[in-house]
Amino acid sequence: MKHYLTSLVFLVGFSSVLFPQQLVEMKGSKLCAERKSRASSLPELTDQTESVPSHTYNVLNYTLNLNIYSCFLSPYPHSFNATEIIRFKVDSTLNTITLHANSTSLVINSVSQAATSFTHANDFLVIQLNQTYSPGDTVEIGINYHHNNVEDNAFYVKTGFVFTDCEPEGARKWFPCWDKPSDKATLDLTAKVPVNVKLGSNGVLADSIHSTDTLIYHWISEENIATYLIVITAKVNYNLDIVYWHKLSNPSDSIPIRFYFNNGEDPSNIETIILPMADWYSENFIEHPFPKDGFATLNDEFVWGGMENQTLTSFCPGCWIESLTAHEFAHQWFGDMITCATWADIWLNEGFATWTEAFWYESYGGYSAYKADIDGNAEYYLTNNPGWPISDPAWAINTPPSWILFNYAITYTKGSTILHMLRYVLGDSLFFATLQAYSSDPELKYHSATISDFMAVTNQVTGGNYDWFFNQWIYEPNHPSYANTYMFTDLGGGTWQVDFNAKQGQVNPSFFKMPIEIRIQFADLTDTIMHEMNSYNNQLYKWQFQKQPVALTFDPSNQIVIKEGYTVVGTEDHYRDETLSLQQNSPNPASGTTVIKYLVRTVSFVNLTVCDVVGTEVATLVNQDMPAGQHAVSLDCSLLKPGIYFYSLTSGTERITKKMIVLN
């Protein structure tokens, strides 16, 4: 079932019904994006920037008690009665609390406990408290309300099927809440349904009480959950399978993974796949973070893709698809366990899940399978780039339209390639250490995170400062367009020089800093790869070899996956103004001490460094102004491990690099 090898079908027009083969041929990330960005059932946002109230409290728990019994009986109304208790901690002195509550869907009947009165207008519920509370106080308020018999594209009812679908801000349509992802809370949900209904929700099933023709389900999530990830999925005569995943840390302990499905569907392939998938994600991130998980197929009101509700993912009918499962299951780590703090941080959800979808293929298809999927994502982005950045800080305040927020080219495919390029820049060891540190950070786990939080973790784990990477790839639009040139020069005596000029020609932004690789092939059928940091535009590199170069390839492994442009032979005039000359170290191979000689033709600030094969600097030999003339410096090779090294002489825009071998 290697769907990454299948030719993908990207439809131009979207019908309400898809053939199963069309669904299978689409990537899981694409299916997810279509659901969220195109489907007419997405919740519509009504609050504007200027009307959003200040948030002066932290919700600790929502207790919901819903009577949705009549929703399963003809004529299948959308109306139901409910009570709610909200426990919150006060952040600043307050005597009122403001909640999101859609004015069309919800009618507030009364308030109780610490609440004394209320006003409900313009989709906000303002509740007067019984006293003025101080920072640190914990308060509980009660709300008695009912949901009107309206179709609101958040609470769905049809012929014995009831489900919710709330991203980005539709939870406010079926219960009053602070409907922003930054404020996560625990959940206690009770729902009354007919006895022939199976109902799933978040967390674990505490109990289900059977009384004559009635079932009362009681679900509890002790792990914090964002409001848009709170879910009810219920159906008359729902089919249910349960498989058990055994924890890696304690194989005698297991968690149930529940599969709700419609008649005529067969989820057995995903029931089999989910166990090694949970192993793979747990091995490379952190162990599966919840005490239960699950998947449920819905009806024709949920046509596209999936929705990663915490511990109970929604699928479109019959969508038991490997790639979709890989994407949505990844959200349990990236999106659910750690949730984007604002919609400006959506990359932490969708970019990560789309990258993980490709990473799943690596578990059984190797790196080439992973890279093929990433390359496909890059191709889609390059063809469909609308020209805006992955993150716009304004989205933290004013939620953008869904077609922008969930744009497939930007949020999903470009988002995944940024993680791939971070893997390339850091190397596998530091990259996966960063993902593990991010996943296990106690200040982020089961809470919300900003992109800046992930940047801070990256810098902490690596001991470096990679803000430049995130600033250009996340907060700037577009990608580099290279116009590189190179030239081979016979210096005589068997010595050849390779000149390479790294140049970018795009406008917005004008430059992307990246480590680059250049493969040089020689007449003797050997080759070498030069590792350099491209720190500024129009940067010139020079290397000398004791054999004839015949071909040069820029980025031979296509690690900078989102780029355009060309690399061609340049003209001699471009490389004529040389101020430096660098000789081969002697002796080479080196044991003990080796001497490096270089020529400076004019007074210049000179930098001479030694790097290992992955480009990590291991020694700085010169870093100062040098007079014109011939110079020599000694390197104590006993301080280096045996292997291949590169030493580079830099002055201004000129850079010459040579290879040496250490035998110690």
# chains A, B, ... in the order shown; residues from 1 in each chain; ligands from 1
call {"tool": "residues_around", "arguments": {"residues": "A:Gly318", "least_positions_apart": "6", "cutoff": "8 Å", "atoms": "only C-alpha atoms", "output": "PyMOL selection string"}}
result
chain A and resi 20+262+265-266+297
call {"tool": "closest_residue", "arguments": {"among": "A:Lys180, A:Trp360, A:Ala394, A:Phe163", "to": "A:Ala296", "atoms": "only C-alpha atoms"}}
result
A:Phe163
call {"tool": "select_by_dssp", "arguments": {"residues": "stretch 474-576 of chain A", "states": "helix (DSSP H, G or I)", "output": "PDB file with N, CA and C atoms, in the first residue's frame"}}
result
ATOM      1  N   ILE A 474       9.663  30.744   7.216  1.00  0.00           N
ATOM      2  CA  ILE A 474       8.313  30.772   7.794  1.00  0.00           C
ATOM      3  C   ILE A 474       7.649  32.135   7.631  1.00  0.00           C
ATOM      4  N   GLU A 572      35.029  34.112 -17.987  1.00  0.00           N
ATOM      5  CA  GLU A 572      36.275  34.329 -17.257  1.00  0.00           C
ATOM      6  C   GLU A 572      36.302  35.688 -16.578  1.00  0.00           C
ATOM      7  N   ASP A 573      35.682  36.705 -17.196  1.00  0.00           N
ATOM      8  CA  ASP A 573      35.705  38.045 -16.624  1.00  0.00           C
ATOM      9  C   ASP A 573      35.090  38.071 -15.226  1.00  0.00           C
ATOM     10  N   HIS A 574      34.134  37.210 -15.018  1.00  0.00           N
ATOM     11  CA  HIS A 574      33.425  37.206 -13.736  1.00  0.00           C
ATOM     12  C   HIS A 574      34.346  36.819 -12.586  1.00  0.00           C
ATOM     13  N   TYR A 575      35.351  36.008 -12.859  1.00  0.00           N
ATOM     14  CA  TYR A 575      36.202  35.462 -11.798  1.00  0.00           C
ATOM     15  C   TYR A 575      37.614  36.050 -11.815  1.00  0.00           C
TER      16      TYR A 575
END
call {"tool": "atom_distance", "arguments": {"atom1": "atom CA of A:Gly427", "atom2": "atom CA of A:Val461"}}
result
12.5 Å
call {"tool": "residues_around", "arguments": {"residues": "A:His55", "least_positions_apart": "2", "cutoff": "10 Å", "atoms": "only C-alpha atoms", "output": "number ranges by chain"}}
result
A: 52-53, 57-58, 90-92, 97-99, 178, 183
